[in-house]
Structure formats: structure tokens, C-alpha cells
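Note sheet for the following structure.
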Amino acid sequence: MAKIKIMTDSACDIPKEKEHELNIRILNFPITIEEKGYREREDFETQEFYEVLESCTKIPTHAQITPIEFEEAYQKYYDEGYTDLIYISINSNGSATYQNSIMAKNTFFEEHPEAKDSFQIHIVDSTTYSMVYGYAVIEAAEKAKKGAPVNEIIAFVEDWVHSAHVYFATYDLKFAKKSGRVSAVAAFVGELMGLKPILTFDHGKSKVLGKVRGEKAVIPDLIKRAKAEMTPNTPYYILSGDKPEKTEELVKECKKALGGEPQGVYPIGAVISINAGPQVVAVVVKGSQNSN
């Protein structure tokens, strides 16, 4: 029988209780804060990191997960008798981590040619970030736990990441400006005029869908876009940063407009908040294929 391991990276923002309950392996990104190295999910809690972002003089940075770390993981699960390892990766357009996982796979099988018939490594590029793919990881682990075959699990993941639509807004443009999500000129003009960009991901790249004037207009615009795209009777969920009052408002308005409770409300982690800033809200829905 197949013995399947589900693996991902810490930009997935999966709750720790789900990580442990479903035995998901998460490779944690290295974070540098004021010249000192840390690991996401290991060295600080999410709220602590939001406070760091708001107070530090230099915006923290993150590096990639290295090929060596992937090789070590592949070796571990091969030695433990797994027949299949499914790695669901952070967006390849925003991180070299996906390419590193492939490089490590090639090296592993060069060094272990005998493993080719008994151990398969499947790598899926999520083309997105945070719980937009974290949700697919959780569902994949649930399916593996119930004994679903590998091809069914991979098909579900690929369907989800290519039909999940995220609509998000950041209330503080300095992080998006630094990361290139919003140009410096656009951010400067937006700050002067009180404009807030509404963003999504299109083929793995961030895309500004429009701009609204003032904070009060953000959530109605997010919901309008989510409702227009959402496939009826499918789950939706909320991503949140250090903006609890806006998160509560988004949840309340989504219940009215989208129907029913959100599948969950998930905080964004360090890697995501470095690039988008901690003051973020987002709604994720399932819609048409091939838009992200």
C-alpha cells in the first residue's frame, strides 16, 4: 500500500494544530531581523512578528529554503519507508524555493538511483501564497490520512490552486512598495490621495485590480469581487493581519453576502507580512480555473 507524506513550506500559514494533527511536514523559511537570524513558526508567534514589523527601523527579510534542506527531507522520508512525498510549494514567481525543491529532487535520485522504483517525489507549484494554498495542503493531508490515492490528492490540489481566487487589500503601502507589489510612485500618490489598492494574483503575479478611496470602501469592494467570482455552495475563508476590527467587519459582511460561515479566519505569517505588511485583509473563494 502507498504511504504518503504531505510536505509544504511555512508561507502556507497553516495553523500549528492542523500541522500536528495531520502530521504535515513544514519547512520553515529563514527570517533576518536587524541582522539576526530566525526561523518562521519556530522563533516567534505571528502577533509578535506584527509588532516587530511596526517597530523595527529596517524591514526584515527572508531567504529561500535551500536544496540541502529539501535533500535532507527527501532522504528522511525515503528512509522511513514512504512511497510518495507530495510537496506543495510557495508561488514559484515569488520565491526560488520551488526551483530548489526540483534541484534537490534531481540530486536525490542521482545519488539514490535505487529509489526510483519505490519512492516518488511529486512537486506542485501553488502559484500563490498563504492559506490560499495552505487550505489545499490541509485537504491533501486529510485525504492521505483517509487512504486516498496519490493521483486523486494531486488532482485536488492542482484544481484548488488554479481555481482559488484571493482578493486582498493592504492598509499600509510601505511594505507593498518595498516588495514591488505596488510601485513607489503609485504608493506615494495613493498615500497622498487616501487610495487603497485592491489586489489579486494572476498567473502567479500580483495584480492591482483597482483602487478605492478611503478605508471604508475597502471591504465592500473585496466582497463585491469575491461574490462575482465565487462558485455557489463552495467554501470561502478569510485571511487577516494586524487589523482585527477590519477582520471582524469582513467576516460579518461576508456572512451576509456570500452565505454561511467562513471556513476559517487565518492570520498571515512572517513571510507574507514582510511583503504585504501586517495591516492586511483578504477573502479567498473558489471560482473559475486558470486565473491565478
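We name chains A, B, ... following the order of the C-alpha cells; residues begin at 1 in each chain, and ligands are numbered from 1 as shown.
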
Need the shell around Lys16 (chain A): protein/DNA/RNA residues with any atom at most 12 Å away, counting only C-alpha atoms. Skip same-chain ones fewer than 5 positions apart. Format as a short mmCIF file (atom, residue, chain, number, x, y, z; two decimals) with C-alpha atoms, in the first residue's frame?
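File around.cif, as written:
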```
data_model
loop_
_atom_site.label_atom_id
_atom_site.label_comp_id
_atom_site.auth_asym_id
_atom_site.auth_seq_id
_atom_site.Cartn_x
_atom_site.Cartn_y
_atom_site.Cartn_z
CA SER A 10 5.94 27.94 6.14
CA GLU A 21 -2.92 16.75 13.87
CA LEU A 22 -2.33 15.78 10.24
CA ASN A 23 1.43 15.17 10.52
CA ILE A 24 2.22 17.72 7.80
CA ARG A 25 5.93 18.45 7.33
CA ILE A 26 6.55 22.19 7.07
CA GLU A 40 9.37 31.32 10.86
CA ARG A 41 6.98 29.32 13.09
CA GLU A 42 9.85 28.37 15.42
CA GLU A 45 4.44 33.88 17.24
CA THR A 46 2.57 35.71 14.49
CA GLY A 134 -2.44 26.16 2.84
CA ILE A 138 -4.70 20.58 4.77
CA TYR A 266 -6.34 32.61 9.26
CA PRO A 267 -3.57 35.04 10.25
CA GLY A 269 2.60 34.73 8.74
#
```

**OP:** Identify, with DSSP run on backbone atoms, the residues in region 93-199 of chain A assigned to strand (DSSP E), and express the list as a ChimeraX atom specification.
**Re:** /A:120-125,164-170,195-199

Would you export the selected residues with C-alpha atoms as a compact mmCIF listing (two decimals), in the first residue's frame, please?
```txt
# COMPACT_ATOMS: atom_id res chain seq x y z
CA GLN A 120 8.13 9.12 -5.86
CA ILE A 121 8.53 12.86 -5.23
CA HIS A 122 5.66 14.99 -6.56
CA ILE A 123 6.16 18.77 -6.60
CA VAL A 124 3.23 21.17 -7.11
CA ASP A 125 3.74 24.89 -7.67
CA ALA A 164 -8.82 29.72 -5.78
CA HIS A 165 -9.19 33.49 -6.07
CA VAL A 166 -7.86 35.82 -3.40
CA TYR A 167 -8.89 39.46 -3.14
CA PHE A 168 -6.85 41.46 -0.69
CA ALA A 169 -6.02 44.95 0.42
CA THR A 170 -3.24 46.43 2.50
CA LEU A 195 -6.31 55.46 -2.14
CA LYS A 196 -6.14 51.78 -1.22
CA PRO A 197 -5.25 49.21 -3.90
CA ILE A 198 -7.32 46.05 -4.29
CA LEU A 199 -5.09 43.19 -5.42
```

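Taking CA of Val284 (chain A) as the reference point, CA of Thr200 (chain A) is found at 9.9 Å.
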
Original post:
With only C-alpha atoms as the atoms that count, which of A:Cys254, A:Val52, A:Ile65, A:Leu239 lies nearest to Tyr135 (chain A)?
Top reply: A:Leu239

So which bits of region 128-279 of chain A end up alpha helix (DSSP H) when you DSSP the backbone, as a short mmCIF file (atom, residue, chain, number, x, y, z; two decimals) with N, CA, C and O atoms, in the first residue's frame?
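Contents of out.cif, freshly written:
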```
data_model
loop_
_atom_site.label_atom_id
_atom_site.label_comp_id
_atom_site.auth_asym_id
_atom_site.auth_seq_id
_atom_site.Cartn_x
_atom_site.Cartn_y
_atom_site.Cartn_z
N MET A 131 -2.67 30.91 3.15
CA MET A 131 -3.67 29.84 3.20
C MET A 131 -4.42 29.67 1.90
O MET A 131 -5.26 28.78 1.79
N VAL A 132 -4.11 30.48 0.89
CA VAL A 132 -4.68 30.23 -0.44
C VAL A 132 -4.24 28.83 -0.89
O VAL A 132 -5.01 28.09 -1.49
N TYR A 133 -2.98 28.45 -0.57
CA TYR A 133 -2.56 27.07 -0.84
C TYR A 133 -2.49 26.23 0.43
O TYR A 133 -2.56 25.00 0.36
N GLY A 134 -2.42 26.90 1.58
CA GLY A 134 -2.44 26.16 2.84
C GLY A 134 -3.69 25.31 2.98
O GLY A 134 -3.65 24.18 3.50
N TYR A 135 -4.82 25.85 2.51
CA TYR A 135 -6.08 25.10 2.55
C TYR A 135 -5.95 23.80 1.75
O TYR A 135 -6.40 22.72 2.20
N ALA A 136 -5.33 23.87 0.57
CA ALA A 136 -5.14 22.67 -0.26
C ALA A 136 -4.22 21.67 0.43
O ALA A 136 -4.43 20.45 0.31
N VAL A 137 -3.22 22.17 1.15
CA VAL A 137 -2.31 21.28 1.88
C VAL A 137 -3.07 20.51 2.96
O VAL A 137 -2.91 19.29 3.12
N ILE A 138 -3.90 21.23 3.72
CA ILE A 138 -4.70 20.58 4.77
C ILE A 138 -5.61 19.52 4.18
O ILE A 138 -5.69 18.38 4.68
N GLU A 139 -6.30 19.86 3.10
CA GLU A 139 -7.21 18.89 2.47
C GLU A 139 -6.44 17.70 1.91
O GLU A 139 -6.91 16.55 1.98
N ALA A 140 -5.25 17.95 1.38
CA ALA A 140 -4.42 16.86 0.86
C ALA A 140 -4.03 15.91 1.99
O ALA A 140 -4.06 14.67 1.83
N ALA A 141 -3.65 16.48 3.13
CA ALA A 141 -3.27 15.65 4.28
C ALA A 141 -4.47 14.86 4.81
O ALA A 141 -4.33 13.70 5.24
N GLU A 142 -5.65 15.47 4.80
CA GLU A 142 -6.87 14.77 5.22
C GLU A 142 -7.13 13.59 4.29
O GLU A 142 -7.47 12.49 4.74
N LYS A 143 -6.97 13.80 3.00
CA LYS A 143 -7.21 12.74 2.03
C LYS A 143 -6.19 11.61 2.19
O LYS A 143 -6.53 10.43 2.12
N ALA A 144 -4.92 11.99 2.40
CA ALA A 144 -3.88 10.97 2.59
C ALA A 144 -4.17 10.13 3.83
O ALA A 144 -3.98 8.91 3.83
N LYS A 145 -4.64 10.80 4.88
CA LYS A 145 -4.96 10.11 6.14
C LYS A 145 -6.07 9.09 5.94
O LYS A 145 -6.10 8.04 6.58
N VAL A 150 -2.58 8.70 -4.59
CA VAL A 150 -1.75 9.87 -4.87
C VAL A 150 -2.34 10.73 -5.98
O VAL A 150 -2.39 11.95 -5.88
N ASN A 151 -2.76 10.09 -7.08
CA ASN A 151 -3.25 10.87 -8.21
C ASN A 151 -4.49 11.68 -7.87
O ASN A 151 -4.69 12.79 -8.35
N GLU A 152 -5.34 11.15 -6.99
CA GLU A 152 -6.54 11.88 -6.55
C GLU A 152 -6.15 13.09 -5.71
O GLU A 152 -6.73 14.17 -5.85
N ILE A 153 -5.17 12.92 -4.84
CA ILE A 153 -4.72 14.02 -3.98
C ILE A 153 -4.11 15.13 -4.82
O ILE A 153 -4.44 16.31 -4.64
N ILE A 154 -3.24 14.77 -5.75
CA ILE A 154 -2.59 15.78 -6.59
C ILE A 154 -3.61 16.49 -7.46
O ILE A 154 -3.55 17.71 -7.64
N ALA A 155 -4.58 15.76 -7.99
CA ALA A 155 -5.62 16.36 -8.83
C ALA A 155 -6.42 17.38 -8.03
O ALA A 155 -6.74 18.47 -8.53
N PHE A 156 -6.73 17.06 -6.78
CA PHE A 156 -7.46 18.01 -5.94
C PHE A 156 -6.65 19.28 -5.72
O PHE A 156 -7.16 20.39 -5.85
N VAL A 157 -5.37 19.10 -5.36
CA VAL A 157 -4.51 20.26 -5.08
C VAL A 157 -4.41 21.16 -6.30
O VAL A 157 -4.56 22.39 -6.20
N GLU A 158 -4.15 20.55 -7.45
CA GLU A 158 -4.00 21.36 -8.67
C GLU A 158 -5.29 22.07 -9.04
O GLU A 158 -5.27 23.22 -9.47
N ASP A 159 -6.42 21.39 -8.86
CA ASP A 159 -7.70 22.04 -9.13
C ASP A 159 -7.92 23.22 -8.19
O ASP A 159 -8.34 24.30 -8.62
N TRP A 160 -7.62 23.02 -6.90
CA TRP A 160 -7.86 24.10 -5.94
C TRP A 160 -6.97 25.31 -6.22
O TRP A 160 -7.47 26.44 -6.31
N VAL A 161 -5.67 25.10 -6.37
CA VAL A 161 -4.78 26.26 -6.51
C VAL A 161 -5.01 27.01 -7.82
O VAL A 161 -4.68 28.20 -7.93
N LEU A 173 0.87 51.03 2.76
CA LEU A 173 1.50 50.76 1.47
C LEU A 173 3.02 50.63 1.51
O LEU A 173 3.62 50.25 0.51
N LYS A 174 3.65 50.93 2.64
CA LYS A 174 5.12 50.95 2.63
C LYS A 174 5.71 49.56 2.39
O LYS A 174 6.75 49.43 1.75
N PHE A 175 5.05 48.52 2.89
CA PHE A 175 5.57 47.17 2.69
C PHE A 175 5.35 46.71 1.25
O PHE A 175 6.24 46.13 0.64
N ALA A 176 4.18 46.96 0.72
CA ALA A 176 3.89 46.59 -0.66
C ALA A 176 4.80 47.36 -1.62
O ALA A 176 5.23 46.83 -2.65
N LYS A 177 5.11 48.60 -1.28
CA LYS A 177 6.01 49.41 -2.10
C LYS A 177 7.40 48.80 -2.11
O LYS A 177 8.03 48.66 -3.17
N LYS A 178 7.90 48.42 -0.95
CA LYS A 178 9.24 47.86 -0.84
C LYS A 178 9.34 46.53 -1.60
O LYS A 178 10.34 46.27 -2.27
N SER A 179 8.29 45.72 -1.52
CA SER A 179 8.34 44.40 -2.14
C SER A 179 8.06 44.44 -3.64
O SER A 179 8.23 43.44 -4.32
N ALA A 184 6.54 52.42 -6.32
CA ALA A 184 6.80 53.53 -5.39
C ALA A 184 5.97 54.75 -5.73
O ALA A 184 5.43 55.43 -4.85
N VAL A 185 5.84 55.03 -7.02
CA VAL A 185 5.05 56.20 -7.45
C VAL A 185 3.59 56.01 -7.10
O VAL A 185 2.94 56.90 -6.55
N ALA A 186 3.06 54.82 -7.41
CA ALA A 186 1.66 54.55 -7.12
C ALA A 186 1.39 54.61 -5.62
O ALA A 186 0.36 55.13 -5.18
N ALA A 187 2.32 54.07 -4.83
CA ALA A 187 2.16 54.10 -3.38
C ALA A 187 2.17 55.52 -2.86
O ALA A 187 1.37 55.90 -2.00
N PHE A 188 3.08 56.34 -3.38
CA PHE A 188 3.18 57.74 -2.95
C PHE A 188 1.90 58.49 -3.27
O PHE A 188 1.32 59.19 -2.42
N VAL A 189 1.42 58.32 -4.50
CA VAL A 189 0.18 59.00 -4.91
C VAL A 189 -1.00 58.48 -4.09
O VAL A 189 -1.87 59.25 -3.66
N GLY A 190 -1.01 57.16 -3.88
CA GLY A 190 -2.09 56.57 -3.09
C GLY A 190 -2.15 57.10 -1.69
O GLY A 190 -3.23 57.41 -1.16
N GLU A 191 -0.98 57.24 -1.06
CA GLU A 191 -0.92 57.77 0.29
C GLU A 191 -1.43 59.20 0.35
O GLU A 191 -2.16 59.59 1.27
N LEU A 192 -1.04 59.99 -0.64
CA LEU A 192 -1.48 61.40 -0.67
C LEU A 192 -2.99 61.52 -0.85
O LEU A 192 -3.63 62.38 -0.25
N MET A 193 -3.55 60.65 -1.67
CA MET A 193 -4.96 60.77 -2.02
C MET A 193 -5.87 59.85 -1.20
O MET A 193 -7.09 59.84 -1.39
N VAL A 218 -12.92 49.72 1.31
CA VAL A 218 -12.11 48.53 1.02
C VAL A 218 -12.95 47.26 1.08
O VAL A 218 -13.00 46.47 0.12
N ILE A 219 -13.60 47.01 2.19
CA ILE A 219 -14.30 45.75 2.39
C ILE A 219 -15.48 45.58 1.42
O ILE A 219 -15.63 44.49 0.84
N PRO A 220 -16.30 46.60 1.19
CA PRO A 220 -17.35 46.43 0.17
C PRO A 220 -16.79 46.04 -1.19
O PRO A 220 -17.40 45.22 -1.91
N ASP A 221 -15.63 46.59 -1.57
CA ASP A 221 -15.06 46.25 -2.87
C ASP A 221 -14.56 44.81 -2.88
O ASP A 221 -14.76 44.08 -3.87
N LEU A 222 -13.90 44.38 -1.82
CA LEU A 222 -13.44 42.99 -1.73
C LEU A 222 -14.60 42.02 -1.88
O LEU A 222 -14.53 41.03 -2.62
N ILE A 223 -15.68 42.30 -1.16
CA ILE A 223 -16.84 41.40 -1.17
C ILE A 223 -17.51 41.40 -2.54
O ILE A 223 -17.92 40.34 -3.04
N LYS A 224 -17.62 42.55 -3.16
CA LYS A 224 -18.21 42.62 -4.50
C LYS A 224 -17.46 41.72 -5.47
O LYS A 224 -18.07 40.96 -6.25
N ARG A 225 -16.14 41.79 -5.44
CA ARG A 225 -15.34 40.99 -6.35
C ARG A 225 -15.43 39.50 -6.02
O ARG A 225 -15.52 38.65 -6.91
N ALA A 226 -15.39 39.18 -4.72
CA ALA A 226 -15.46 37.78 -4.31
C ALA A 226 -16.80 37.16 -4.69
O ALA A 226 -16.87 36.03 -5.19
N LYS A 227 -17.87 37.90 -4.47
CA LYS A 227 -19.21 37.38 -4.77
C LYS A 227 -19.39 37.15 -6.27
O LYS A 227 -20.00 36.15 -6.69
N ALA A 228 -18.83 38.04 -7.08
CA ALA A 228 -18.96 37.91 -8.53
C ALA A 228 -18.22 36.68 -9.05
O ALA A 228 -18.63 36.08 -10.05
N GLU A 229 -17.15 36.27 -8.38
CA GLU A 229 -16.32 35.15 -8.86
C GLU A 229 -16.70 33.82 -8.22
O GLU A 229 -16.52 32.75 -8.82
N PRO A 244 -7.59 43.76 13.51
CA PRO A 244 -8.70 42.93 14.00
C PRO A 244 -10.08 43.51 13.75
O PRO A 244 -11.03 42.78 13.44
N GLU A 245 -10.20 44.83 13.87
CA GLU A 245 -11.52 45.42 13.66
C GLU A 245 -11.97 45.29 12.21
O GLU A 245 -13.15 45.09 11.91
N LYS A 246 -11.02 45.37 11.27
CA LYS A 246 -11.35 45.19 9.86
C LYS A 246 -11.63 43.72 9.54
O LYS A 246 -12.48 43.41 8.70
N THR A 247 -10.92 42.83 10.20
CA THR A 247 -11.19 41.40 10.01
C THR A 247 -12.59 41.06 10.47
O THR A 247 -13.33 40.34 9.79
N GLU A 248 -12.98 41.56 11.63
CA GLU A 248 -14.33 41.32 12.14
C GLU A 248 -15.39 41.86 11.19
O GLU A 248 -16.42 41.22 10.95
N GLU A 249 -15.14 43.04 10.65
CA GLU A 249 -16.07 43.63 9.71
C GLU A 249 -16.18 42.79 8.44
O GLU A 249 -17.29 42.55 7.93
N LEU A 250 -15.03 42.30 7.95
CA LEU A 250 -15.03 41.48 6.74
C LEU A 250 -15.80 40.19 6.96
O LEU A 250 -16.59 39.76 6.11
N VAL A 251 -15.60 39.54 8.11
CA VAL A 251 -16.32 38.31 8.42
C VAL A 251 -17.82 38.57 8.46
O VAL A 251 -18.62 37.82 7.86
N LYS A 252 -18.21 39.62 9.13
CA LYS A 252 -19.63 39.96 9.26
C LYS A 252 -20.28 40.20 7.90
O LYS A 252 -21.37 39.68 7.60
N GLU A 253 -19.62 40.97 7.05
CA GLU A 253 -20.18 41.30 5.75
C GLU A 253 -20.14 40.11 4.79
O GLU A 253 -21.03 39.96 3.94
N CYS A 254 -19.13 39.26 4.93
CA CYS A 254 -19.07 38.05 4.09
C CYS A 254 -20.22 37.10 4.40
O CYS A 254 -20.79 36.48 3.50
N LYS A 255 -20.56 36.98 5.67
CA LYS A 255 -21.68 36.12 6.06
C LYS A 255 -22.96 36.56 5.35
O LYS A 255 -23.76 35.73 4.90
N LYS A 256 -23.15 37.86 5.26
CA LYS A 256 -24.34 38.39 4.60
C LYS A 256 -24.30 38.16 3.10
O LYS A 256 -25.29 37.74 2.49
N ALA A 257 -23.16 38.45 2.50
CA ALA A 257 -23.08 38.47 1.03
C ALA A 257 -22.79 37.11 0.41
O ALA A 257 -23.29 36.80 -0.67
N LEU A 258 -21.97 36.28 1.09
CA LEU A 258 -21.52 35.02 0.50
C LEU A 258 -22.29 33.82 1.03
O LEU A 258 -22.23 32.74 0.46
N ALA A 270 4.90 35.45 8.79
CA ALA A 270 6.01 36.39 8.64
C ALA A 270 6.38 36.64 7.19
O ALA A 270 6.54 37.79 6.77
N VAL A 271 6.55 35.58 6.41
CA VAL A 271 6.98 35.75 5.01
C VAL A 271 5.99 36.61 4.24
O VAL A 271 6.36 37.50 3.48
N ILE A 272 4.70 36.37 4.46
CA ILE A 272 3.68 37.12 3.74
C ILE A 272 3.61 38.55 4.24
O ILE A 272 3.52 39.50 3.44
N SER A 273 3.66 38.74 5.55
CA SER A 273 3.51 40.10 6.09
C SER A 273 4.73 40.97 5.81
O SER A 273 4.61 42.20 5.74
N ILE A 274 5.90 40.39 5.61
CA ILE A 274 7.08 41.17 5.21
C ILE A 274 6.80 41.86 3.87
O ILE A 274 7.17 43.03 3.67
N ASN A 275 6.14 41.15 2.97
CA ASN A 275 5.91 41.68 1.62
C ASN A 275 4.64 42.51 1.50
O ASN A 275 4.60 43.48 0.74
N ALA A 276 3.60 42.12 2.23
CA ALA A 276 2.32 42.82 2.12
C ALA A 276 2.09 43.80 3.26
O ALA A 276 1.22 44.66 3.16
#
```

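For the choices A:Phe44, A:Tyr236, A:Tyr74, A:Phe29, the atom-to-atom distance to Asp9 (chain A) is smallest for A:Phe29 when using only C-alpha atoms.
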
**OP:** Compile the contact shell of His162 (chain A) as an MDAnalysis selection string: residues with an atom at most 10 Å away, counting only C-alpha atoms, same-chain residues fewer than 4 positions apart removed.
**Re:** chainID A and resid 126:128 133 157:158 203:204 286:292

Those residues you just picked out, can you put them in a file as a short mmCIF file (atom, residue, chain, number, x, y, z; two decimals), in the first residue's frame with N, CA, C and O atoms?
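Wrote part.cif, looks like this:
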```cif
data_model
loop_
_atom_site.label_atom_id
_atom_site.label_comp_id
_atom_site.auth_asym_id
_atom_site.auth_seq_id
_atom_site.Cartn_x
_atom_site.Cartn_y
_atom_site.Cartn_z
N SER A 126 2.17 26.05 -6.21
CA SER A 126 0.85 26.57 -5.86
C SER A 126 0.48 27.83 -6.65
O SER A 126 -0.69 28.17 -6.76
N THR A 127 1.48 28.54 -7.15
CA THR A 127 1.33 29.82 -7.85
C THR A 127 0.70 30.89 -6.97
O THR A 127 0.23 31.91 -7.47
N THR A 128 0.71 30.69 -5.65
CA THR A 128 0.07 31.67 -4.77
C THR A 128 0.73 31.64 -3.39
O THR A 128 1.83 31.10 -3.24
N TYR A 133 -2.98 28.45 -0.57
CA TYR A 133 -2.56 27.07 -0.84
C TYR A 133 -2.49 26.23 0.43
O TYR A 133 -2.56 25.00 0.36
N VAL A 157 -5.37 19.10 -5.36
CA VAL A 157 -4.51 20.26 -5.08
C VAL A 157 -4.41 21.16 -6.30
O VAL A 157 -4.56 22.39 -6.20
N GLU A 158 -4.15 20.55 -7.45
CA GLU A 158 -4.00 21.36 -8.67
C GLU A 158 -5.29 22.07 -9.04
O GLU A 158 -5.27 23.22 -9.47
N HIS A 203 -1.83 34.40 -12.73
CA HIS A 203 -0.73 33.57 -13.22
C HIS A 203 0.52 33.71 -12.35
O HIS A 203 1.64 33.82 -12.84
N GLY A 204 0.30 33.73 -11.04
CA GLY A 204 1.40 33.76 -10.09
C GLY A 204 1.97 35.13 -9.79
O GLY A 204 2.88 35.26 -8.98
N LYS A 286 -13.53 30.00 -4.22
CA LYS A 286 -13.30 29.09 -5.36
C LYS A 286 -14.11 29.61 -6.53
O LYS A 286 -15.31 29.89 -6.40
N GLY A 287 -13.44 29.76 -7.68
CA GLY A 287 -14.12 30.29 -8.85
C GLY A 287 -13.69 29.56 -10.11
O GLY A 287 -13.44 28.36 -10.10
N SER A 288 -13.53 30.29 -11.19
CA SER A 288 -13.16 29.70 -12.47
C SER A 288 -11.69 29.29 -12.48
O SER A 288 -10.88 29.80 -11.72
N GLN A 289 -11.35 28.39 -13.37
CA GLN A 289 -9.98 27.87 -13.47
C GLN A 289 -9.03 28.84 -14.14
O GLN A 289 -9.44 29.72 -14.89
N ASN A 290 -7.73 28.63 -13.84
CA ASN A 290 -6.63 29.26 -14.58
C ASN A 290 -6.57 30.79 -14.49
O ASN A 290 -6.04 31.45 -15.38
N SER A 291 -7.09 31.37 -13.41
CA SER A 291 -6.98 32.82 -13.26
C SER A 291 -5.80 33.21 -12.38
O SER A 291 -5.40 34.35 -12.36
N ASN A 292 -5.28 32.29 -11.59
CA ASN A 292 -4.13 32.64 -10.77
C ASN A 292 -2.90 31.90 -11.24
O ASN A 292 -1.92 31.80 -10.56
#
```

Please list as a compact mmCIF listing (two decimals) with all heavy atoms, in the first residue's frame every residue within 6 Å of region 82-87 of chain A, counting only C-alpha atoms and excluding residues in the same chain fewer than 5 positions away.
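Wrote it out as part.txt, contents follow:
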```txt
# COMPACT_ATOMS: atom_id res chain seq x y z
N ALA A 2 0.31 2.32 -0.55
CA ALA A 2 1.04 3.59 -0.59
C ALA A 2 1.14 4.19 0.81
O ALA A 2 0.20 4.10 1.61
CB ALA A 2 0.34 4.57 -1.52
N LYS A 3 2.27 4.77 1.08
CA LYS A 3 2.49 5.52 2.31
C LYS A 3 2.88 6.92 1.88
O LYS A 3 3.96 7.13 1.33
CB LYS A 3 3.60 4.85 3.15
CG LYS A 3 3.82 5.53 4.50
CD LYS A 3 4.93 4.81 5.28
CE LYS A 3 5.18 5.49 6.63
NZ LYS A 3 6.29 4.85 7.38
N ILE A 4 1.99 7.89 2.12
CA ILE A 4 2.12 9.22 1.52
C ILE A 4 2.45 10.27 2.57
O ILE A 4 1.79 10.35 3.62
CB ILE A 4 0.80 9.61 0.81
CG1 ILE A 4 0.44 8.56 -0.25
CG2 ILE A 4 0.93 10.99 0.18
CD1 ILE A 4 -0.97 8.71 -0.80
N LYS A 5 3.46 11.09 2.27
CA LYS A 5 3.82 12.21 3.14
C LYS A 5 3.46 13.51 2.43
O LYS A 5 3.82 13.72 1.27
CB LYS A 5 5.33 12.19 3.44
CG LYS A 5 5.76 13.25 4.44
CD LYS A 5 5.22 12.95 5.82
CE LYS A 5 5.62 13.98 6.86
NZ LYS A 5 5.08 13.67 8.19
N ILE A 6 2.78 14.40 3.14
CA ILE A 6 2.45 15.73 2.63
C ILE A 6 3.43 16.73 3.23
O ILE A 6 3.61 16.78 4.46
CB ILE A 6 1.01 16.13 2.98
CG1 ILE A 6 0.01 15.08 2.48
CG2 ILE A 6 0.69 17.52 2.39
CD1 ILE A 6 0.00 14.86 0.99
N MET A 7 4.06 17.52 2.37
CA MET A 7 5.06 18.49 2.81
C MET A 7 4.78 19.84 2.16
O MET A 7 4.30 19.93 1.03
CB MET A 7 6.47 18.01 2.45
CG MET A 7 7.58 18.85 3.06
SD MET A 7 9.22 18.05 2.88
CE MET A 7 9.63 18.52 1.19
N THR A 8 5.09 20.90 2.88
CA THR A 8 4.94 22.25 2.35
C THR A 8 5.98 23.15 3.00
O THR A 8 6.91 22.67 3.64
CB THR A 8 3.50 22.76 2.55
OG1 THR A 8 3.32 23.99 1.86
CG2 THR A 8 3.16 22.94 4.02
N TYR A 77 12.30 10.80 4.52
CA TYR A 77 11.05 10.09 4.26
C TYR A 77 11.27 8.86 3.39
O TYR A 77 10.51 7.89 3.48
CB TYR A 77 10.01 11.06 3.70
CG TYR A 77 9.69 12.12 4.73
CD1 TYR A 77 9.98 13.46 4.52
CD2 TYR A 77 9.16 11.75 5.96
CE1 TYR A 77 9.74 14.41 5.50
CE2 TYR A 77 8.92 12.69 6.95
CZ TYR A 77 9.21 14.02 6.71
OH TYR A 77 8.99 14.94 7.70
N SER A 118 10.68 2.84 -5.99
CA SER A 118 9.93 2.67 -4.74
C SER A 118 9.54 3.97 -4.04
O SER A 118 8.75 3.96 -3.10
CB SER A 118 10.77 1.83 -3.75
OG SER A 118 12.02 2.47 -3.49
N PHE A 119 10.06 5.10 -4.54
CA PHE A 119 9.82 6.38 -3.86
C PHE A 119 9.62 7.46 -4.91
O PHE A 119 10.52 7.72 -5.72
CB PHE A 119 11.02 6.72 -2.96
CG PHE A 119 10.88 8.00 -2.17
CD1 PHE A 119 9.82 8.18 -1.29
CD2 PHE A 119 11.83 9.01 -2.30
CE1 PHE A 119 9.71 9.36 -0.56
CE2 PHE A 119 11.73 10.18 -1.56
CZ PHE A 119 10.66 10.36 -0.68
N GLN A 120 8.45 8.07 -4.90
CA GLN A 120 8.13 9.12 -5.86
C GLN A 120 8.02 10.48 -5.15
O GLN A 120 7.40 10.57 -4.09
CB GLN A 120 6.81 8.82 -6.57
CG GLN A 120 6.81 7.49 -7.32
CD GLN A 120 7.85 7.45 -8.42
OE1 GLN A 120 7.97 8.40 -9.20
NE2 GLN A 120 8.61 6.36 -8.49
N ILE A 121 8.62 11.49 -5.75
CA ILE A 121 8.53 12.86 -5.23
C ILE A 121 7.70 13.68 -6.21
O ILE A 121 8.06 13.82 -7.38
CB ILE A 121 9.93 13.49 -5.05
CG1 ILE A 121 10.76 12.68 -4.06
CG2 ILE A 121 9.80 14.95 -4.59
CD1 ILE A 121 12.22 13.11 -3.98
N HIS A 122 6.58 14.20 -5.73
CA HIS A 122 5.66 14.99 -6.56
C HIS A 122 5.71 16.44 -6.07
O HIS A 122 5.50 16.70 -4.89
CB HIS A 122 4.24 14.47 -6.44
CG HIS A 122 4.12 12.97 -6.53
ND1 HIS A 122 3.93 12.31 -7.71
CD2 HIS A 122 4.19 12.01 -5.56
CE1 HIS A 122 3.86 11.01 -7.49
NE2 HIS A 122 4.02 10.80 -6.19
N ILE A 123 6.00 17.37 -6.98
CA ILE A 123 6.16 18.77 -6.60
C ILE A 123 5.11 19.60 -7.33
O ILE A 123 5.01 19.57 -8.55
CB ILE A 123 7.58 19.28 -6.92
CG1 ILE A 123 8.62 18.44 -6.16
CG2 ILE A 123 7.72 20.77 -6.57
CD1 ILE A 123 10.06 18.75 -6.52
```

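We find CA of Asp13 (chain A) and CA of Gly241 (chain A) to be spaced 11.6 Å apart.
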
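The neighbours of Lys243 (chain A) here are the residues that come within 8 Å of it, using only C-alpha atoms and leaving out any residue fewer than 6 positions away in the same chain; they are Pro278, Gln279, Val280 and Val281 of chain A.
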
Restricted to all heavy atoms, what would the selected residues look like written as a compact mmCIF listing (two decimals), in the first residue's frame?
```
# COMPACT_ATOMS: atom_id res chain seq x y z
N PRO A 278 1.66 44.05 7.74
CA PRO A 278 0.79 43.36 8.68
C PRO A 278 -0.67 43.81 8.63
O PRO A 278 -1.54 43.11 9.13
CB PRO A 278 1.41 43.70 10.04
CG PRO A 278 2.05 45.04 9.82
CD PRO A 278 2.55 45.02 8.40
N GLN A 279 -0.92 44.97 8.02
CA GLN A 279 -2.29 45.50 8.03
C GLN A 279 -3.03 45.09 6.75
O GLN A 279 -3.29 45.89 5.85
CB GLN A 279 -2.25 47.02 8.20
CG GLN A 279 -1.65 47.44 9.53
CD GLN A 279 -1.76 48.93 9.77
OE1 GLN A 279 -2.63 49.60 9.22
NE2 GLN A 279 -0.87 49.45 10.59
N VAL A 280 -3.38 43.81 6.71
CA VAL A 280 -3.95 43.21 5.51
C VAL A 280 -5.25 42.51 5.86
O VAL A 280 -5.39 41.93 6.93
CB VAL A 280 -2.97 42.20 4.89
CG1 VAL A 280 -3.62 41.40 3.78
CG2 VAL A 280 -1.74 42.91 4.36
N VAL A 281 -6.21 42.55 4.92
CA VAL A 281 -7.39 41.67 4.98
C VAL A 281 -7.58 41.06 3.60
O VAL A 281 -7.22 41.67 2.59
CB VAL A 281 -8.67 42.40 5.41
CG1 VAL A 281 -8.59 42.84 6.87
CG2 VAL A 281 -8.97 43.58 4.50
```
